[in-house]
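Colleague: Quick one: structure below, then a few questions.
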Amino acid sequence: QVQLVESGGGLVQAGDSLRLSCTAPHHPLSSLDMGWFRQAPRKEREFVAAISWSGSYSNYADSVKGRFTISRDNTNNTMTLQLNSLKPEDTAVYYCAARRPVGGGTVYANPDEYDAWGQGTRVTVSS
């Protein structure tokens with residue numbers, strides 16, 4: 001089982017930016033497709049963004065397109081999510097997830113397709 005660790009959450013104001021990071025202390029992330037999901041209070045976990053093992057392919061939820069950017073640095077074993085122009089509705093616990101690659105440019109938005117999860121990092125955006 002891959003252990004994933006997120007960091008970078010916090011309390012910010014609307015319009016601010018945050019940078020979330022995900023790493024695996026004991027596993028090379030370069031062999032995994034990865035994603036970010038979030039869960040707000042009383043809501044289901046929802047897809048935010050995903051990136052292929054090589055970084056060549058990515059996918060975003062419509063609600064974050066143009067504001068959030070997913071990237072990865074396989075050399076440093078880190079995946080990041082840059083959150084810009086934050087809104088109160090972005091308030092949630094953000095989770096990093098990983099799965100074996102399927103290739104062919106496919107990156108999954110369904111959380112059920114992911115095998116490993118981090119413990120989450122909380123993002124709170126005040127209005």
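Ligands are numbered from 1 in the order shown, chains are lettered A, B, ... in the order of the structure tokens, and residues start at 1 in each chain.
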Determine, counting only C-alpha atoms, which protein, DNA and RNA residues have an atom within 7 Å of an atom of stretch 35-51 of chain A; residues of the same chain fewer than 2 positions away are not included. Present the result as a VMD selection string.

Modeller: chain A and resid 33 53 55 57 to 61 64 70 91 to 98 107 to 110

Colleague: DSSP on the backbone, then: every residue of chain A marked strand (DSSP E or B), written as number ranges by chain.

Modeller: A: 5-7, 10-13, 18-23, 33-39, 46-51, 58-60, 68-73, 78-83, 92-99, 116-117, 121-126

Colleague: Which one is closest to A:Arg100: A:Lys65, A:Ser71, A:Met79, A:Ser30? Count only C-alpha atoms.

Modeller: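 Of A:Lys65, A:Ser71, A:Met79, A:Ser30, the one nearest A:Arg100, counting only C-alpha atoms, is A:Ser30.
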
Colleague: In Å to one decimal, how far is atom CA of A:Met34 from atom CA of A:Gly105?

Modeller: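 Interatomic distance here is 12.8 Å.
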
Colleague: Which distance in Å separates atom CA of A:Leu86 and atom CA of A:Glu6, to one decimal?

Modeller: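 For atom CA of A:Leu86 relative to atom CA of A:Glu6, the distance reads 18.6 Å.
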
Colleague: Pick out the closest residue to A:Ser54 from this set: A:Thr106, A:Asn84, A:Ser21, A:Gln13. Count only C-alpha atoms.

Modeller: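 Of A:Thr106, A:Asn84, A:Ser21, A:Gln13, the one nearest A:Ser54, counting only C-alpha atoms, is A:Thr106.
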
Colleague: Using only C-alpha atoms, which residue out of A:Val123, A:Leu83, A:Cys22, A:Ala116 lies closest to A:Val5?

Modeller: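 Residue with the minimum atom-to-atom distance to A:Val5: A:Cys22.
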
Colleague: What is the atom CA of A:Ser17 to atom CA of A:Gly118 distance in Å?

Modeller: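 Atom-to-atom, atom CA of A:Ser17 to atom CA of A:Gly118, that is 21.6 Å.
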